[in-house]
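Visitor: CSV, C-alpha atoms and all ligand atoms, file target-v4.csv:
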```
chain,number,residue,atom,x,y,z
V,1,MET,CA,-91.3,-102.1,89.3
V,2,LYS,CA,-90.2,-103.3,92.7
V,3,THR,CA,-91.4,-106.6,94.2
V,4,ARG,CA,-90.0,-109.2,96.5
V,5,ILE,CA,-89.0,-111.1,93.3
V,6,THR,CA,-87.1,-108.2,91.7
V,7,ASP,CA,-85.3,-107.6,95.0
V,8,MET,CA,-84.4,-111.3,95.5
V,9,PHE,CA,-83.0,-111.8,92.0
V,10,GLY,CA,-81.7,-108.3,91.3
V,11,ILE,CA,-83.8,-107.8,88.2
V,12,ARG,CA,-85.6,-104.7,86.9
V,13,TYR,CA,-88.9,-106.3,86.1
V,14,PRO,CA,-90.7,-109.2,87.8
V,15,ILE,CA,-90.9,-111.3,84.6
V,16,ILE,CA,-89.2,-114.7,84.4
V,17,GLN,CA,-88.7,-116.9,81.3
V,18,GLY,CA,-89.2,-120.5,82.5
V,19,GLY,CA,-86.9,-123.3,81.5
V,20,MET,CA,-88.0,-124.9,78.3
V,21,HIS,CA,-86.6,-128.0,76.7
V,22,HIS,CA,-84.7,-127.2,73.5
V,23,VAL,CA,-85.8,-123.6,73.7
V,24,GLY,CA,-84.0,-122.2,76.8
V,25,TYR,CA,-80.5,-121.7,75.2
V,26,ALA,CA,-78.1,-118.9,76.0
V,27,GLU,CA,-79.5,-116.6,73.2
V,28,LEU,CA,-83.0,-116.5,74.7
V,29,ALA,CA,-81.9,-116.4,78.3
V,30,ALA,CA,-79.5,-113.5,77.6
V,31,ALA,CA,-82.1,-111.6,75.6
V,32,VAL,CA,-84.7,-111.8,78.4
V,33,SER,CA,-82.1,-110.8,81.1
V,34,ASN,CA,-80.8,-107.9,78.9
V,35,ALA,CA,-84.4,-106.7,78.7
V,36,GLY,CA,-84.6,-106.5,82.5
V,37,GLY,CA,-86.4,-109.9,83.1
V,38,LEU,CA,-84.8,-113.1,84.3
V,39,GLY,CA,-83.7,-115.5,81.5
V,40,ILE,CA,-83.2,-119.2,82.3
V,41,ILE,CA,-81.1,-121.8,80.5
V,42,THR,CA,-82.6,-125.3,80.5
V,43,GLY,CA,-80.0,-127.5,82.1
V,44,LEU,CA,-81.1,-130.9,80.8
V,45,THR,CA,-81.3,-129.7,77.2
V,46,GLN,CA,-77.5,-129.8,77.4
V,47,PRO,CA,-76.4,-133.4,76.9
V,48,SER,CA,-73.7,-133.3,79.6
V,49,ALA,CA,-72.6,-131.1,82.5
V,50,LYS,CA,-69.7,-130.0,80.4
V,51,ASP,CA,-72.1,-128.8,77.7
V,52,LEU,CA,-74.0,-127.0,80.4
V,53,ALA,CA,-70.8,-125.3,81.5
V,54,ASN,CA,-70.2,-124.1,77.9
V,55,GLU,CA,-73.8,-122.8,77.6
V,56,ILE,CA,-73.4,-120.9,80.9
V,57,SER,CA,-70.2,-119.3,79.7
V,58,ARG,CA,-71.9,-118.5,76.3
V,59,CYS,CA,-74.7,-116.7,78.2
V,60,LYS,CA,-72.2,-114.8,80.3
V,61,ASN,CA,-70.7,-113.5,77.0
V,62,LEU,CA,-74.1,-112.3,75.9
V,63,THR,CA,-75.2,-110.6,79.1
V,64,ASP,CA,-73.8,-109.1,82.3
V,65,LYS,CA,-77.2,-109.3,84.0
V,66,PRO,CA,-78.4,-112.1,86.3
V,67,PHE,CA,-79.7,-115.2,84.6
V,68,GLY,CA,-80.7,-118.7,85.9
V,69,VAL,CA,-80.5,-122.4,85.1
V,70,ASN,CA,-83.4,-124.8,85.2
V,71,LEU,CA,-82.9,-128.2,86.7
V,72,THR,CA,-85.8,-130.5,86.1
V,73,PHE,CA,-85.9,-133.6,88.3
V,74,LEU,CA,-87.4,-136.3,86.1
V,75,PRO,CA,-89.7,-139.1,87.2
V,76,ILE,CA,-87.5,-141.7,85.4
V,77,VAL,CA,-85.4,-144.6,86.5
V,78,LYS,CA,-82.2,-143.8,84.5
V,79,GLN,CA,-81.4,-140.4,86.0
V,80,PRO,CA,-79.2,-137.8,84.4
V,81,ASP,CA,-75.9,-137.0,86.3
V,82,TYR,CA,-77.5,-134.4,88.5
V,83,PRO,CA,-74.5,-133.9,90.8
V,84,ALA,CA,-72.4,-133.0,87.8
V,85,TYR,CA,-75.0,-130.6,86.5
V,86,VAL,CA,-75.2,-128.9,89.9
V,87,GLN,CA,-71.4,-128.6,90.0
V,88,ALA,CA,-71.4,-127.0,86.6
V,89,ILE,CA,-73.9,-124.4,87.8
V,90,ILE,CA,-71.9,-123.7,90.9
V,91,ASP,CA,-68.6,-123.5,89.0
V,92,GLY,CA,-70.2,-121.3,86.4
V,93,GLY,CA,-71.0,-118.7,89.0
V,94,VAL,CA,-74.8,-118.8,88.3
V,95,LYS,CA,-76.7,-117.4,91.3
V,96,ILE,CA,-80.3,-118.5,90.5
V,97,VAL,CA,-81.6,-122.0,89.9
V,98,GLU,CA,-85.2,-122.9,88.9
V,99,THR,CA,-85.9,-126.4,90.1
V,100,ALA,CA,-88.9,-128.4,88.8
V,101,GLY,CA,-90.3,-131.9,88.9
V,102,ASN,CA,-89.3,-134.1,91.9
V,103,ASN,CA,-88.3,-132.8,95.3
V,104,PRO,CA,-84.8,-131.0,94.9
V,105,GLN,CA,-84.0,-131.4,98.6
V,106,GLN,CA,-80.8,-133.4,98.2
V,107,TYR,CA,-79.2,-130.7,96.1
V,108,LEU,CA,-80.2,-127.7,98.1
V,109,PRO,CA,-77.2,-127.7,100.6
V,110,ALA,CA,-74.6,-127.6,97.8
V,111,LEU,CA,-76.6,-124.9,95.9
V,112,LYS,CA,-77.2,-122.8,99.0
V,113,ASP,CA,-73.6,-123.0,100.2
V,114,ALA,CA,-72.7,-121.5,96.9
V,115,GLY,CA,-75.0,-118.5,97.6
V,116,ILE,CA,-77.6,-119.7,94.9
V,117,LYS,CA,-81.2,-118.7,95.2
V,118,ILE,CA,-83.7,-121.5,94.5
V,119,ILE,CA,-87.1,-120.9,92.9
V,120,HIS,CA,-89.0,-124.2,92.8
V,121,LYS,CA,-91.8,-124.7,90.3
V,122,CYS,CA,-95.0,-126.3,91.8
V,123,THR,CA,-98.4,-127.2,90.6
V,124,SER,CA,-100.1,-127.3,94.0
V,125,VAL,CA,-100.1,-125.4,97.3
V,126,ARG,CA,-98.9,-128.5,99.2
V,127,HIS,CA,-95.8,-128.9,97.0
V,128,ALA,CA,-95.1,-125.2,97.4
V,129,LEU,CA,-95.4,-125.5,101.2
V,130,LYS,CA,-93.0,-128.4,101.0
V,131,ALA,CA,-90.6,-126.4,98.9
V,132,GLN,CA,-90.8,-123.6,101.5
V,133,SER,CA,-90.1,-126.0,104.4
V,134,ILE,CA,-87.0,-127.5,102.8
V,135,GLY,CA,-85.5,-124.0,102.3
V,136,CYS,CA,-86.4,-122.9,98.7
V,137,ASP,CA,-86.3,-119.1,98.5
V,138,ALA,CA,-89.2,-118.6,96.1
V,139,ALA,CA,-91.9,-120.6,94.2
V,140,SER,CA,-93.2,-120.5,90.7
V,141,ILE,CA,-96.9,-121.6,90.9
V,142,ASP,CA,-97.9,-123.3,87.7
V,143,GLY,CA,-101.7,-123.4,87.1
V,144,PHE,CA,-103.7,-125.9,85.1
V,145,GLU,CA,-103.5,-123.6,82.1
V,146,CYS,CA,-99.7,-123.9,81.8
V,147,GLY,CA,-97.7,-125.4,78.9
V,148,GLY,CA,-95.8,-128.5,80.0
V,149,HIS,CA,-96.6,-130.4,83.2
V,150,PRO,CA,-99.6,-129.0,85.1
V,151,GLY,CA,-99.7,-131.9,87.6
V,152,GLU,CA,-102.8,-133.9,88.4
V,153,ASP,CA,-104.9,-131.5,90.5
V,154,ASP,CA,-106.3,-129.4,87.6
V,155,ILE,CA,-106.6,-126.1,89.6
V,156,PRO,CA,-106.5,-123.0,87.4
V,157,ASN,CA,-104.6,-119.9,88.5
V,158,PHE,CA,-107.6,-117.9,89.6
V,159,ILE,CA,-107.9,-120.3,92.5
V,160,LEU,CA,-104.4,-121.6,92.9
V,161,LEU,CA,-102.6,-118.2,93.2
V,162,PRO,CA,-104.8,-116.7,96.0
V,163,ARG,CA,-104.6,-120.1,97.8
V,164,ALA,CA,-100.8,-119.9,97.5
V,165,ALA,CA,-100.9,-116.3,98.8
V,166,ASP,CA,-102.9,-117.4,101.8
V,167,GLU,CA,-100.4,-120.1,102.7
V,168,LEU,CA,-96.9,-119.2,101.7
V,169,SER,CA,-94.5,-116.8,103.3
V,170,ILE,CA,-91.9,-117.0,100.6
V,171,PRO,CA,-92.5,-114.9,97.4
V,172,PHE,CA,-93.9,-116.6,94.4
V,173,VAL,CA,-94.5,-115.9,90.7
V,174,ALA,CA,-97.6,-116.8,88.7
V,175,SER,CA,-96.9,-119.2,85.9
V,176,GLY,CA,-99.3,-120.6,83.3
V,177,GLY,CA,-101.4,-118.4,81.0
V,178,MET,CA,-99.3,-115.3,81.4
V,179,ALA,CA,-98.9,-113.2,78.2
V,180,ASP,CA,-99.2,-109.4,78.7
V,181,GLY,CA,-99.6,-106.5,81.1
V,182,ARG,CA,-103.1,-107.7,82.0
V,183,SER,CA,-101.6,-111.0,83.2
V,184,LEU,CA,-99.0,-109.2,85.3
V,185,VAL,CA,-101.4,-106.9,87.0
V,186,ALA,CA,-103.9,-109.8,87.7
V,187,ALA,CA,-101.1,-111.9,89.1
V,188,LEU,CA,-100.0,-109.1,91.4
V,189,ALA,CA,-103.6,-108.6,92.5
V,190,LEU,CA,-103.9,-112.3,93.3
V,191,GLY,CA,-100.9,-112.2,95.6
V,192,ALA,CA,-98.0,-113.1,93.3
V,193,ASP,CA,-94.8,-111.0,93.1
V,194,GLY,CA,-94.3,-111.5,89.4
V,195,ILE,CA,-94.9,-113.8,86.5
V,196,ASN,CA,-93.2,-116.7,84.8
V,197,MET,CA,-93.9,-117.2,81.1
V,198,GLY,CA,-93.0,-120.2,78.8
V,199,THR,CA,-95.1,-120.3,75.6
V,200,ARG,CA,-95.1,-116.5,75.2
V,201,PHE,CA,-91.3,-116.4,75.1
V,202,ILE,CA,-91.2,-119.1,72.4
V,203,ALA,CA,-92.8,-116.6,70.0
V,204,THR,CA,-90.0,-114.0,70.3
V,205,LYS,CA,-87.3,-113.1,67.8
V,206,GLU,CA,-84.5,-114.4,69.9
V,207,ALA,CA,-86.0,-117.8,70.8
V,208,PRO,CA,-83.7,-120.2,68.9
V,209,VAL,CA,-86.4,-122.4,67.5
V,210,HIS,CA,-87.6,-123.0,63.9
V,211,ASP,CA,-90.0,-120.4,62.5
V,212,ASN,CA,-92.6,-123.3,62.0
V,213,VAL,CA,-92.8,-123.6,65.8
V,214,LYS,CA,-93.4,-119.8,66.2
V,215,GLN,CA,-96.0,-119.8,63.4
V,216,ALA,CA,-97.8,-122.9,65.0
V,217,ILE,CA,-98.2,-120.9,68.2
V,218,LEU,CA,-99.5,-117.9,66.4
V,219,ALA,CA,-102.0,-120.0,64.5
V,220,ALA,CA,-103.2,-121.8,67.6
V,221,THR,CA,-106.2,-120.6,69.7
V,222,GLU,CA,-106.9,-121.3,73.4
V,223,LEU,CA,-108.8,-124.4,72.2
V,224,ASP,CA,-105.9,-126.1,70.6
V,225,THR,CA,-104.0,-127.7,73.4
V,226,ARG,CA,-104.5,-131.3,74.7
V,227,LEU,CA,-103.5,-133.2,77.9
V,228,ILE,CA,-101.5,-136.3,77.2
V,229,MET,CA,-100.0,-139.0,79.5
V,230,ARG,CA,-102.8,-138.5,82.1
V,231,PRO,CA,-103.1,-142.3,82.5
V,232,LEU,CA,-99.4,-142.4,83.4
V,233,ARG,CA,-99.9,-139.6,86.0
V,234,ASN,CA,-97.3,-137.5,84.1
V,235,THR,CA,-99.8,-135.2,82.4
V,236,GLU,CA,-98.4,-132.8,79.8
V,237,ARG,CA,-100.2,-130.0,78.1
V,238,VAL,CA,-99.2,-130.0,74.4
V,239,LEU,CA,-100.2,-128.4,71.1
V,240,ASN,CA,-102.6,-130.6,69.3
V,241,ASN,CA,-101.3,-132.3,66.1
V,242,THR,CA,-101.6,-135.6,64.3
V,243,ALA,CA,-99.0,-137.3,66.7
V,244,VAL,CA,-101.0,-136.1,69.7
V,245,GLU,CA,-104.2,-137.4,68.3
V,246,LYS,CA,-102.4,-140.8,67.8
V,247,ILE,CA,-101.3,-140.7,71.5
V,248,LEU,CA,-104.8,-139.9,72.7
V,249,ASP,CA,-106.2,-142.8,70.6
V,250,THR,CA,-103.7,-145.2,72.1
V,251,GLU,CA,-104.5,-143.9,75.6
V,252,LYS,CA,-108.2,-144.5,74.9
V,253,LYS,CA,-107.7,-148.0,73.5
V,254,LEU,CA,-105.3,-149.3,76.2
V,255,GLY,CA,-106.8,-147.5,79.2
V,256,SER,CA,-105.0,-148.3,82.4
V,257,ALA,CA,-103.0,-151.0,80.7
V,258,ILE,CA,-100.9,-148.4,78.9
V,259,SER,CA,-97.2,-148.0,79.5
V,260,PHE,CA,-94.8,-145.3,78.3
V,261,GLU,CA,-93.4,-147.6,75.6
V,262,ASP,CA,-96.8,-147.5,73.9
V,263,ILE,CA,-96.5,-143.8,73.1
V,264,ALA,CA,-92.7,-143.5,73.1
V,265,ASN,CA,-92.5,-143.0,69.3
V,266,GLU,CA,-94.5,-139.7,69.6
V,267,VAL,CA,-92.9,-138.5,72.8
V,268,ALA,CA,-89.3,-139.6,73.3
V,269,GLY,CA,-86.6,-137.5,71.8
V,270,VAL,CA,-88.9,-135.5,69.6
V,271,TYR,CA,-87.9,-132.0,70.9
V,272,PRO,CA,-84.9,-131.4,68.7
V,273,ARG,CA,-86.8,-132.4,65.6
V,274,VAL,CA,-89.7,-130.1,66.4
V,275,MET,CA,-87.8,-127.1,67.9
V,276,GLN,CA,-84.7,-127.0,65.7
V,277,GLY,CA,-85.9,-129.1,62.7
V,278,GLY,CA,-89.3,-127.4,62.4
V,279,GLU,CA,-91.1,-130.8,62.1
V,280,VAL,CA,-94.0,-129.5,64.2
V,281,ASP,CA,-96.2,-132.6,63.6
V,282,LYS,CA,-93.5,-135.1,64.5
V,283,GLY,CA,-94.5,-135.5,68.1
V,284,ALA,CA,-95.9,-134.0,71.2
V,285,TRP,CA,-94.5,-130.7,72.4
V,286,SER,CA,-95.5,-128.5,75.4
V,287,CYS,CA,-97.6,-125.5,74.7
V,288,GLY,CA,-100.0,-123.5,77.0
V,289,MET,CA,-103.6,-122.4,76.4
V,290,VAL,CA,-102.1,-118.9,76.4
V,291,ALA,CA,-101.3,-119.5,72.7
V,292,GLY,CA,-104.8,-118.0,72.2
V,293,LEU,CA,-103.3,-114.6,73.4
V,294,ILE,CA,-100.2,-114.7,71.2
V,295,HIS,CA,-100.4,-112.9,67.9
V,296,ASP,CA,-96.9,-111.6,67.1
V,297,ILE,CA,-93.2,-112.3,67.3
V,298,PRO,CA,-91.6,-109.3,69.1
V,299,SER,CA,-88.1,-109.2,70.4
V,300,ALA,CA,-87.8,-110.1,74.1
V,301,GLN,CA,-87.2,-106.4,74.9
V,302,GLU,CA,-90.2,-105.2,72.9
V,303,LEU,CA,-92.3,-107.9,74.7
V,304,ILE,CA,-91.1,-107.0,78.2
V,305,GLU,CA,-91.4,-103.3,77.6
V,306,ARG,CA,-94.9,-103.7,76.2
V,307,ILE,CA,-95.9,-105.8,79.3
V,308,MET,CA,-94.6,-103.2,81.7
V,309,ASP,CA,-96.2,-100.2,79.8
V,310,GLN,CA,-99.5,-102.0,79.7
V,311,ALA,CA,-99.3,-103.0,83.4
V,312,ASN,CA,-98.4,-99.4,84.4
V,313,SER,CA,-101.3,-98.0,82.4
V,314,ILE,CA,-103.8,-100.5,83.9
V,315,ILE,CA,-102.7,-99.7,87.4
V,316,LYS,CA,-102.6,-95.9,87.0
V,317,LYS,CA,-105.6,-95.4,84.7
V,318,ARG,CA,-108.0,-98.3,84.4
V,319,LEU,CA,-107.9,-99.4,88.1
V,320,GLN,CA,-107.7,-95.9,89.5
V,321,LYS,CA,-110.9,-94.9,87.9
V,322,PHE,CA,-112.9,-97.5,89.8
V,323,LEU,CA,-112.0,-95.8,93.1
V,324,TYR,CA,-114.3,-93.3,94.8
V,325,ASP,CA,-112.6,-90.0,95.7
V,401,LIG,C1,-91.9,-126.1,74.9
V,401,LIG,C2,-91.9,-126.1,76.4
V,401,LIG,C3,-90.9,-126.8,77.1
V,401,LIG,C4,-90.9,-126.8,78.5
V,401,LIG,N1,-89.8,-127.5,79.1
V,401,LIG,C5,-89.7,-127.4,80.5
V,401,LIG,C6,-88.6,-128.0,81.1
V,401,LIG,O1,-87.8,-128.7,80.5
V,401,LIG,N2,-88.6,-127.9,82.5
V,401,LIG,C7,-89.5,-127.2,83.2
V,401,LIG,O2,-89.4,-127.1,84.4
V,401,LIG,N3,-90.5,-126.6,82.6
V,401,LIG,C8,-90.7,-126.6,81.3
V,401,LIG,N4,-91.7,-126.0,80.6
V,401,LIG,C9,-92.7,-125.2,81.4
V,401,LIG,C10,-92.3,-123.7,81.4
V,401,LIG,O3,-91.1,-123.4,82.1
V,401,LIG,C11,-93.4,-122.8,82.1
V,401,LIG,O4,-93.5,-123.3,83.5
V,401,LIG,C12,-94.7,-122.9,81.4
V,401,LIG,O5,-94.6,-122.9,80.0
V,401,LIG,C13,-95.7,-121.8,81.9
V,401,LIG,O6,-96.9,-121.9,81.2
V,401,LIG,P1,-97.2,-121.0,79.9
V,401,LIG,O7,-96.6,-121.8,78.7
V,401,LIG,O8,-98.7,-120.9,79.9
V,401,LIG,O9,-96.5,-119.7,80.0
V,401,LIG,C14,-91.8,-126.0,79.2
V,401,LIG,C15,-92.8,-125.3,78.5
V,401,LIG,C16,-92.8,-125.3,77.2
V,401,LIG,C17,-93.9,-124.5,76.5
```
Written as structure tokens, that's how I'd like the structure from this file.
Guide:
Amino acid sequence: MKTRITDMFGIRYPIIQGGMHHVGYAELAAAVSNAGGLGIITGLTQPSAKDLANEISRCKNLTDKPFGVNLTFLPIVKQPDYPAYVQAIIDGGVKIVETAGNNPQQYLPALKDAGIKIIHKCTSVRHALKAQSIGCDAASIDGFECGGHPGEDDIPNFILLPRAADELSIPFVASGGMADGRSLVAALALGADGINMGTRFIATKEAPVHDNVKQAILAATELDTRLIMRPLRNTERVLNNTAVEKILDTEKKLGSAISFEDIANEVAGVYPRVMQGGEVDKGAWSCGMVAGLIHDIPSAQELIERIMDQANSIIKKRLQKFLYD
């Protein structure tokens, strides 16, 4: 399939695996890229820029296809050493960066001088327009359904994607709620040039997470996610569990007096224990409503081929038959 996104990133299929904390390691990124999509290593999962450099070189040993690195700009006072991470990406010869969170403007000149394409993840049209105006090459539009941080506007993709299509001139992918060939065709119909998936890629054979995490996603329905940290204006969509219920109780009790410290036990530093340790009830971890559409654990290649086969069949057979001769 050929779209502006496949052309821009030099990939066979317009399917991106979004950066995911303690999931986006070289194994998954390489598997997705080898299958014709775009795999992405999560930069900040690596404790230092040196570790990121090692992860990039591990990925290069696993694939000769393009892959990217996610750089999430966090809304916290004690910032990671972003300039060093950016340098590791440039030195590693990576040609695609997925930025997310705060405005990436200050790092764009260095990245662009190195010939790197930037896809910025946004949860609103105004942020996507800003990304376009500062020189980002593409956008990933994350609807309210998405796993992780959906922002504070609560606009689902059925509205957000055509709004983005009406306003943007740079290409964008649809992110949030994407699972199969139906998602891909719908995203293309709404004006996107591809899809970005998070939760769906966790339930693949190559995702280097504990089987308990994959089984929790398989067991979940579309009713099983919750929004936490809304009072802190840092909303995150997570899979419901006992820790999440505790967070929601605390949020209800403390109201606007809440601070991050009140929920830190259930949020801070829990990812390695959940993702690698398999302690799925230990804390809050991102998961999309799309869990309701995930029923198996294929390889990345099986998943991507299935999506493309289904999309082709929908376009050629199902949609075609609605047309008059
Ligand atoms: C477990 C998990 C961790 C995530 N971590 C990050 C992250 O560190 N940085 C980021 O930009 N997005 C992160 N995301 C968001 C994904 O990249 C993607 O935008 C989102 O999952 C899309 O929604 P979906 O889950 O419905 O496919 C994460 C998502 C999940 C499920």
Visitor: Find the residues near ligand LIG 401 (chain V). Use a cut-off of 6 Å, count only C-alpha atoms and all ligand atoms, and write them as number ranges by chain.
Guide: V: 18-21, 72, 100, 145-148, 175-178, 197-200, 285-288, 290
Visitor: Go ahead and compute the interatomic distance for CA of Gln276 in chain V and CA of Pro208 in chain V, in Å to one decimal.
Guide: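 These two atoms are separated by 7.6 Å.
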Visitor: Nearest residue to Ile263 in chain V out of V:Ile228, V:Ala291, V:Val238, V:Val185, using all atoms listed in the file?
Guide: V:Ile228
Visitor: Tell me which of V:Met275, V:Ala268, V:Ala192, V:Leu293 sits closest to Ala219 in chain V, counting only C-alpha atoms.
Guide: V:Leu293
Visitor: Between CA of Leu62 in chain V and CA of Ser33 in chain V, what is the distance in Å, rounded to a tenth?
Guide: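 CA of Ser33 in chain V lies at a distance of 9.7 Å from CA of Leu62 in chain V.
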Visitor: Rounded to one decimal in Å, what is the spacing between CA of Lys121 in chain V and CA of Lys282 in chain V?
Guide: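 CA of Lys282 in chain V lies 27.9 Å from CA of Lys121 in chain V.
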Visitor: Calculated over only C-alpha atoms, which of the candidates V:Gly269, V:Gly115, V:Pro298, V:Gly194 has the smallest distance to Ala284 in chain V?
Guide: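 So, comparing all the options, the nearest one is V:Gly269.
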Visitor: Rank nothing, just name the residue among V:Gln17, V:Arg306, V:Val86, V:Ile258 nearest to Gln106 in chain V, using only C-alpha atoms.
Guide: V:Val86
Visitor: Using only C-alpha atoms, which residues sit within 9 Å of Lys60 in chain V once same-chain residues fewer than 6 positions away are excluded, as a list in words?
Guide: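 Listed by chain and then number, they are Ala26, Ala30 and Phe67 of chain V.
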Visitor: Around (-98.7, -131.5, 68.4) in the file's own coordinates, what residues are found within 7 Å if you use all atoms listed in the file, given back as JSON, numbers by chain?
Guide: {"V": [238, 239, 240, 241, 242, 243, 244, 280, 281, 283, 284, 285]}
Visitor: Taking the structure in the block just given, could you write range 150-161 of chain V with N, CA and C atoms, as a compact mmCIF listing (two decimals), in the first residue's frame?
Guide:
```txt
# COMPACT_ATOMS: atom_id res chain seq x y z
N PRO V 150 -4.49 10.83 26.62
CA PRO V 150 -5.38 11.35 25.57
C PRO V 150 -5.56 12.86 25.61
N GLY V 151 -4.86 13.57 26.51
CA GLY V 151 -5.07 15.01 26.64
C GLY V 151 -6.33 15.31 27.44
N GLU V 152 -6.80 16.53 27.33
CA GLU V 152 -7.92 16.95 28.18
C GLU V 152 -9.15 17.35 27.37
N ASP V 153 -9.13 17.16 26.04
CA ASP V 153 -10.26 17.63 25.23
C ASP V 153 -11.36 16.57 25.03
N ASP V 154 -10.98 15.31 25.16
CA ASP V 154 -11.94 14.19 25.06
C ASP V 154 -12.65 14.11 23.71
N ILE V 155 -11.91 14.32 22.62
CA ILE V 155 -12.52 14.21 21.29
C ILE V 155 -12.13 12.87 20.67
N PRO V 156 -13.14 12.02 20.41
CA PRO V 156 -12.82 10.70 19.82
C PRO V 156 -12.42 10.83 18.34
N ASN V 157 -11.82 9.77 17.83
CA ASN V 157 -11.22 9.84 16.50
C ASN V 157 -12.21 10.05 15.35
N PHE V 158 -13.48 9.67 15.55
CA PHE V 158 -14.45 9.88 14.47
C PHE V 158 -14.63 11.37 14.17
N ILE V 159 -14.34 12.22 15.14
CA ILE V 159 -14.41 13.67 14.93
C ILE V 159 -13.00 14.23 14.71
N LEU V 160 -12.07 13.76 15.53
CA LEU V 160 -10.73 14.36 15.53
C LEU V 160 -10.00 14.16 14.19
N LEU V 161 -10.14 12.97 13.60
CA LEU V 161 -9.39 12.70 12.36
C LEU V 161 -9.88 13.55 11.19
```
